[in-house]
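**Student:** I'd like to ask you about the structure that follows.
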Amino acid sequence: MSIKGFRDPVPVWRVIGASAVDSRFEALRVARTPLLGRDEEIELIMRRWQQAKRGDGSVVLISGEPGMGKSRLAETAVERLSDDPHIRLRRFCSPHDQDSALFPTISQLERAAGFRRDDTDQQRLDKLEALLTEANADLSEAVPLIADLLSVPTGDSYPPLSLTPQKRKEKTLQVLLAQLEGLATRRPVLMVFEDVHWIDPTSLDLLDLVVDRVATLRVLLIITFRPELAPPWTGRSHVTLMSLSRLSRPQRAEMIMQVTGGKALPQEIAEQIIDRTDGVPLFIEELTKAVIDSGILADAGDRFDAREPVPRLAIPTSLHASLLARLDRLAPVRELAQIGAALGRSFSHELISAVAAMPQQQVDGALAQLVRAELVFQRGIPPDAEYTFKHALVQDAAYSTMLRGRRQHIHARVATTLESQFPEIAAAQPQLMAYHCAEAAFNDKAVGYRLKAGQQAVARSAMTEAVAQLQRGLELLTNMPEESRPVQHELDLQIALGRALMAARGYSAPAVADTLDRARALAERFDRPDRLAPLLYFQWGFHSVRAEHKLAVSLAEQMEKLGDTRSDRATLLLGRYIHGASCYYRGEFVTARGLLELCDGLRDPAARATCAAIAVADPHAASQAHLAVTLALLGHIDQGRARVDEALMEARSLDHPFTVAFVLSKVCAVEAAAGLPLDALRHAEELLSLSNEHGFPLWLGLGLLQRGRSLTALGQAQDGIPLLAKGLSVLRGAGAVVHTPRALCFLAEAHAKVGDLQEGRNCLVEAAQLIETTEERSSEAELYRLRGDMVNARGNQAAAEQNYHRALAVAKRQSAKTFGLRAATSLARLWRDQGKCMEAHDVLAPAYGSFTEGFDTPVLRDARALLNHLA
């Protein structure tokens, strides 16, 4: 609005309610007991803060057993800096969310954005944009990525991002890192990451990035954790590790006096507390409070006196026992503490009020009493207040006071309340719903939520978390009577687990095969042909990547039969495509061509939509690309080039990076077959860029191979060798055996061109062994031709001639005219050099004459030039 004295309009805000947080970025719990015995640690943290303010960012790792004061030390640092202008960010890990990707960050962003339950989708989006604007200049990717993370619909405000799950994860982590970088340019940042021993794998990935980046930012990062975690960041110059020791006897006595407000306890009781607490600060504090609350002491003004002799058994002997004693003396509010403990370390006033099913006045009174007892800390004002147990051990103690039946009852109330009154939480946090349903013995529902949690994790490329969620769902099923198991969920869990395992452990991992086998058995047992088609496809992919081509062909044939039997055209066509692909790998090029030419129906939108839910790459573009390579090897080079150009154009129009990468790999193969290394090099560079950008390990390996092969063909074999070796390594690292005979042939040729004939021979020996083991014979003719070139270079012309003849025989058997022409050209050169020009002409002329197209390509021009010379 316009205000007098201001030239430009000034934004105006209206108060709509109390905030649930103390600051824009994070609200801190308030602890009342002063910190003792940690002066050196605090001073060290303050020195690191001063360094961070100058731009020399630091990381302080605080390790300690439960109750040693890790969080209290971090809070004291925050309190010390309260008057020093800065931005503070605080994230908490939770034992129940170790398999929930980015849980600490999601929680912190929701609080920072100020989300309220009654916000509309647009209001939540506006708040998120406002939050991200504070640190991100470009919101075009940041908002859609973080909105997806927080389950905030963006509608038509932002165009959809065409990203693979892995790339989405990478970009999301980069946006979160950029958010921190942007904040640090505005003001110094104090970031606290608590209880990292409970961190989820994706958050650990983010923390790795943050720790590396902090060194050059105005950021002090404090990380707290228990000793069972071995932090991977120690040893770096900007990282400091401090392990909290137990308090000395004088420090224990001083802490007792602070808890009592300066009033001395009877000497015998004070000594018992000092001895029993063993220097653990939380135990000292809680045991002292338990003794004061027990009624065995009388307040004498400046001290406490024992009402009567105190037996040693009257004082709890463990921290857990002391917490239980305090909770027992809070009997009227213990029920609410139990409900809060079931909800988690933190819970909202609104949620616990809904679950408690008691008068609001009673709820508020009980919460206030827990806060006064300092068992729970409060942030904000009801009804927008949030509560946090003082320590995880306090939550554990409250939870342990419930019998099994009581626990089930409370978790059942939590689950039904979340579903009926908090549907946005149920939708956004299926892992939370799964936990409460499982504890309530709602196993059927729990399994369904574990499935949703796994699928959500897969969509975010949090594959480790996805595997954990899906396996938990399957564990729940094993505890259910077989007759009551939800077949649909069990089958979907196994299918989803198979996909997650492929991504997490590689396509060829044994666990993938076991999972897919179990899923297929279920689909067949319960007659679910709709689930059988994708399973057959996944199994084909597993065996194909492992180069178990005989099994792969069998699976493809079963898929064709399934499609034919069910009159399911999409399944039939997809089966033909993968059958054709397997025949190509086996060197059965004529059969492959026949099958792949029958796949044009995959262009149909209905078939495409059906296959999209099964195949990773678009099946029509992929089948046409496979057909293009097959045609090129069969001698139809122009048709192959035209077909692959169409496939690439189609892939690009789909805006599907994985399909584009797939087709590019075939483009390179067609151009290499035609003898066009410059074109192949250009497309290999594009393939590498795309694979690096989106995280495609298989296509990255093939891109490296094609680049190395192209450089070798261009006379730069010395540069090609490391690329070829790396490409082969990347392929194997991705769990692939497929393509390795071809890769070894490429590498052998490069070694031969630089004169390293022994290394080249070793590559060919390994390639030959793989061909015989896997029956991947698509490169067999080339193997014999290259072997002939090598023995010829050693001066053994007889052996060379023998290998060239074997190459010609294989090419003839496979109808691979292009490979046959290469072998014939090599043999013709050998005979020419021996003066056998007539024989040379007679072997090359029919090979060349069998072609009806492709005469402008180098592979045919070179043969024509040699024929002219021989004539």
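By convention in this document, the chains of the structure tokens carry letters A, B, ... by their order, each chain's residues are numbered from 1, and ligands are numbered from 1 in the order they are shown.
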Using only C-alpha atoms, which protein or nucleic acid residues come within 12 Å of Phe115 of chain A? Drop anything in the same chain fewer than 3 positions from it, and give the result as a list in words.

**Tutor:**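 Here the qualifying residues turn out to be Ser19, Ala20, Val21, Arg24, Ile106, Ser107, Gln108, Leu109, Glu110, Arg111, Ala112, Asp118, Asp119, Thr120, Asp121, Gln122, Gln123, Arg124, Leu125, Asp126, Lys127, Leu128, Ala130, Leu131, Leu150, Ser151, Val152, Asp384 and Glu424 of chain A.
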
**Student:** What does the file look like for those residues with N, CA and C atoms, as a short mmCIF file (atom, residue, chain, number, x, y, z; two decimals), in the first residue's frame?

**Tutor:**
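Result file again15.cif:
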data_model
loop_
_atom_site.label_atom_id
_atom_site.label_comp_id
_atom_site.auth_asym_id
_atom_site.auth_seq_id
_atom_site.Cartn_x
_atom_site.Cartn_y
_atom_site.Cartn_z
N SER A 19 2.67 -17.83 15.62
CA SER A 19 3.52 -18.74 14.87
C SER A 19 3.87 -19.94 15.71
N ALA A 20 4.03 -21.07 15.05
CA ALA A 20 4.43 -22.29 15.76
C ALA A 20 5.93 -22.34 15.96
N VAL A 21 6.65 -21.34 15.42
CA VAL A 21 8.09 -21.34 15.57
C VAL A 21 8.55 -20.00 16.09
N ARG A 24 12.12 -17.23 11.78
CA ARG A 24 11.78 -17.53 10.39
C ARG A 24 12.29 -18.91 9.99
N ILE A 106 12.80 -31.87 5.22
CA ILE A 106 11.39 -31.62 4.95
C ILE A 106 10.73 -30.95 6.15
N SER A 107 10.98 -31.48 7.33
CA SER A 107 10.38 -30.92 8.55
C SER A 107 10.83 -29.47 8.75
N GLN A 108 12.13 -29.22 8.55
CA GLN A 108 12.64 -27.86 8.76
C GLN A 108 12.07 -26.88 7.73
N LEU A 109 11.97 -27.31 6.47
CA LEU A 109 11.43 -26.42 5.45
C LEU A 109 9.97 -26.10 5.70
N GLU A 110 9.19 -27.09 6.15
CA GLU A 110 7.78 -26.83 6.44
C GLU A 110 7.64 -25.81 7.57
N ARG A 111 8.49 -25.93 8.58
CA ARG A 111 8.43 -24.94 9.67
C ARG A 111 8.91 -23.58 9.19
N ALA A 112 10.00 -23.57 8.41
CA ALA A 112 10.54 -22.30 7.93
C ALA A 112 9.55 -21.57 7.04
N ASP A 118 -4.58 -25.29 7.56
CA ASP A 118 -5.71 -24.76 6.80
C ASP A 118 -5.26 -23.99 5.55
N ASP A 119 -3.98 -24.03 5.23
CA ASP A 119 -3.50 -23.39 4.01
C ASP A 119 -4.04 -24.11 2.78
N THR A 120 -4.39 -23.34 1.76
CA THR A 120 -4.72 -23.94 0.47
C THR A 120 -3.42 -24.31 -0.24
N ASP A 121 -3.55 -25.08 -1.33
CA ASP A 121 -2.37 -25.43 -2.11
C ASP A 121 -1.66 -24.17 -2.61
N GLN A 122 -2.42 -23.18 -3.04
CA GLN A 122 -1.82 -21.95 -3.55
C GLN A 122 -1.10 -21.20 -2.44
N GLN A 123 -1.70 -21.16 -1.25
CA GLN A 123 -1.05 -20.48 -0.13
C GLN A 123 0.27 -21.15 0.24
N ARG A 124 0.27 -22.49 0.23
CA ARG A 124 1.50 -23.21 0.54
C ARG A 124 2.56 -22.95 -0.53
N LEU A 125 2.13 -22.90 -1.79
CA LEU A 125 3.07 -22.61 -2.86
C LEU A 125 3.63 -21.20 -2.73
N ASP A 126 2.76 -20.25 -2.39
CA ASP A 126 3.23 -18.86 -2.20
C ASP A 126 4.25 -18.78 -1.07
N LYS A 127 3.97 -19.47 0.02
CA LYS A 127 4.90 -19.45 1.15
C LYS A 127 6.23 -20.09 0.78
N LEU A 128 6.16 -21.17 0.02
CA LEU A 128 7.39 -21.83 -0.39
C LEU A 128 8.21 -20.93 -1.31
N ALA A 130 8.18 -17.70 -1.36
CA ALA A 130 8.74 -16.62 -0.53
C ALA A 130 9.98 -17.10 0.21
N LEU A 131 9.93 -18.32 0.72
CA LEU A 131 11.07 -18.87 1.45
C LEU A 131 12.27 -19.05 0.52
N LEU A 150 7.95 -31.50 -0.70
CA LEU A 150 7.02 -31.17 0.38
C LEU A 150 5.57 -31.50 0.04
N SER A 151 5.37 -32.19 -1.09
CA SER A 151 4.02 -32.58 -1.53
C SER A 151 3.12 -31.36 -1.72
N VAL A 152 3.68 -30.31 -2.31
CA VAL A 152 2.92 -29.09 -2.61
C VAL A 152 2.65 -29.06 -4.11
N ASP A 384 -1.38 -23.36 18.19
CA ASP A 384 -0.32 -23.54 17.20
C ASP A 384 0.98 -24.02 17.82
N GLU A 424 -3.69 -34.74 4.88
CA GLU A 424 -2.49 -34.26 4.20
C GLU A 424 -1.23 -34.92 4.78
#

**Student:** Between atom CA of Arg168 of chain A and atom CA of Leu704 of chain A, measure the distance and give it in Å to one decimal.

**Tutor:** 23.6 Å

**Student:** Which polymer residues have any atom within 8 Å of an atom of segment 67-76 of chain A, counting only C-alpha atoms, with same-chain residues fewer than 6 positions away left out, as a ChimeraX atom specification?

**Tutor:** /A:28-31,35,38,42,192,194,222,224-225,244-246,280-283,391,393

**Student:** Just the alpha helix (DSSP H) stuff from segment 421-655 of chain A, please, per backbone DSSP, written as a VMD selection string.

**Tutor:** chain A and resid 421 423 to 428 430 to 439 443 to 459 463 to 478 487 to 505 510 to 525 529 to 545 549 to 565 569 to 585 589 to 596 605 to 612 619 to 633 637 to 654

**Student:** What lies within 8 Å of Val859 of chain A using only C-alpha atoms, ignoring chain neighbours under 6 positions off, as a ChimeraX atom specification?

**Tutor:** /A:673-675,822

**Student:** When you draw a straight line from atom CA of Phe92 of chain A to atom CA of Pro104 of chain A, how long is it in Å?

**Tutor:**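 These two atoms are separated by 5.3 Å.
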
**Student:** Residues at most 7 Å from Ala799 of chain A, counting only C-alpha atoms, excluding those fewer than 4 positions away in the same chain, as a JSON list (two decimals) with all heavy atoms, in the first residue's frame?

**Tutor:**
[["chain", "number", "residue", "atom", "x", "y", "z"],
["A", 788, "GLY", "N", 43.05, -61.64, -37.12],
["A", 788, "GLY", "CA", 43.83, -61.76, -38.35],
["A", 788, "GLY", "C", 44.77, -60.58, -38.54],
["A", 788, "GLY", "O", 45.95, -60.74, -38.92],
["A", 791, "VAL", "N", 47.83, -61.03, -36.01],
["A", 791, "VAL", "CA", 48.84, -62.04, -36.36],
["A", 791, "VAL", "C", 49.55, -61.65, -37.66],
["A", 791, "VAL", "O", 50.73, -61.99, -37.86],
["A", 791, "VAL", "CB", 48.23, -63.46, -36.45],
["A", 791, "VAL", "CG1", 47.75, -63.92, -35.08],
["A", 791, "VAL", "CG2", 47.11, -63.53, -37.47],
["A", 803, "ASN", "N", 42.30, -66.70, -40.05],
["A", 803, "ASN", "CA", 41.34, -65.92, -39.25],
["A", 803, "ASN", "C", 40.41, -65.10, -40.14],
["A", 803, "ASN", "O", 39.22, -64.96, -39.83],
["A", 803, "ASN", "CB", 42.09, -65.00, -38.28],
["A", 803, "ASN", "CG", 42.52, -65.72, -37.01],
["A", 803, "ASN", "OD1", 41.69, -66.02, -36.15],
["A", 803, "ASN", "ND2", 43.80, -66.03, -36.90]]

**Student:** Go through segment 674-738 of chain A and flag each residue having an atom no more than 10 Å from segment 170-191 of chain A; for those, report the closest pair of atoms plus their distance in Å to one decimal, using only C-alpha atoms, ordered by chain and rising number, as JSON lines.

**Tutor:**
{"residue": "A:Glu693", "atom": "CA", "partner": "A:Glu170", "partner_atom": "CA", "distance": 9.5}
{"residue": "A:His694", "atom": "CA", "partner": "A:Glu170", "partner_atom": "CA", "distance": 8.7}
{"residue": "A:Gly695", "atom": "CA", "partner": "A:Glu170", "partner_atom": "CA", "distance": 8.9}

**Student:** Can you pull out every residue within 10 Å of His96 of chain A, counting only C-alpha atoms, but drop anything in the same chain fewer than 3 positions away, and send it as a list in words?

**Tutor:**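 With the cut-off at 10 Å, the set is Cys93, Asp99, Ser100, Trp198, Gly344, Arg345, Gln431, Leu432 and Tyr435 of chain A.
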
**Student:** Which residue, A:Val59, A:Thr240, A:Gly727, A:Gly155, has the smallest gap to Asp212 of chain A when you use only C-alpha atoms?

**Tutor:**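 For Asp212 of chain A, the nearest of the given residues is A:Val59.
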
**Student:** Which polymer residues have any atom within 8 Å of an atom of segment 610-615 of chain A, counting only C-alpha atoms, with same-chain residues fewer than 4 positions away left out, as a ChimeraX atom specification?

**Tutor:** /A:534,537,570-571,574,606,619

**Student:** Can you spit out the residues from that selection as a JSON list (two decimals), in the first residue's frame, using N, CA, C and O atoms?

**Tutor:**
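That gives us part-v3.json:
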[["chain", "number", "residue", "atom", "x", "y", "z"],
["A", 534, "PRO", "N", 4.86, -57.21, -16.97],
["A", 534, "PRO", "CA", 6.03, -56.43, -16.52],
["A", 534, "PRO", "C", 7.10, -57.29, -15.88],
["A", 534, "PRO", "O", 8.30, -57.00, -16.02],
["A", 537, "TYR", "N", 9.19, -58.82, -18.51],
["A", 537, "TYR", "CA", 10.06, -57.79, -19.08],
["A", 537, "TYR", "C", 11.25, -57.53, -18.16],
["A", 537, "TYR", "O", 12.40, -57.44, -18.61],
["A", 570, "ALA", "N", -0.23, -54.91, -27.05],
["A", 570, "ALA", "CA", 0.93, -54.21, -26.52],
["A", 570, "ALA", "C", 1.94, -55.19, -25.95],
["A", 570, "ALA", "O", 3.15, -55.08, -26.20],
["A", 571, "THR", "N", 1.47, -56.18, -25.20],
["A", 571, "THR", "CA", 2.37, -57.17, -24.61],
["A", 571, "THR", "C", 3.02, -58.01, -25.71],
["A", 571, "THR", "O", 4.21, -58.32, -25.67],
["A", 574, "LEU", "N", 5.68, -55.83, -27.43],
["A", 574, "LEU", "CA", 6.83, -55.64, -26.55],
["A", 574, "LEU", "C", 7.65, -56.92, -26.47],
["A", 574, "LEU", "O", 8.89, -56.88, -26.46],
["A", 606, "ALA", "N", -2.06, -46.14, -27.70],
["A", 606, "ALA", "CA", -2.55, -47.04, -26.67],
["A", 606, "ALA", "C", -1.46, -48.04, -26.27],
["A", 606, "ALA", "O", -1.23, -48.28, -25.08],
["A", 619, "PRO", "N", 9.36, -47.95, -26.15],
["A", 619, "PRO", "CA", 9.61, -49.18, -26.92],
["A", 619, "PRO", "C", 9.62, -48.98, -28.43],
["A", 619, "PRO", "O", 10.33, -49.70, -29.13]]
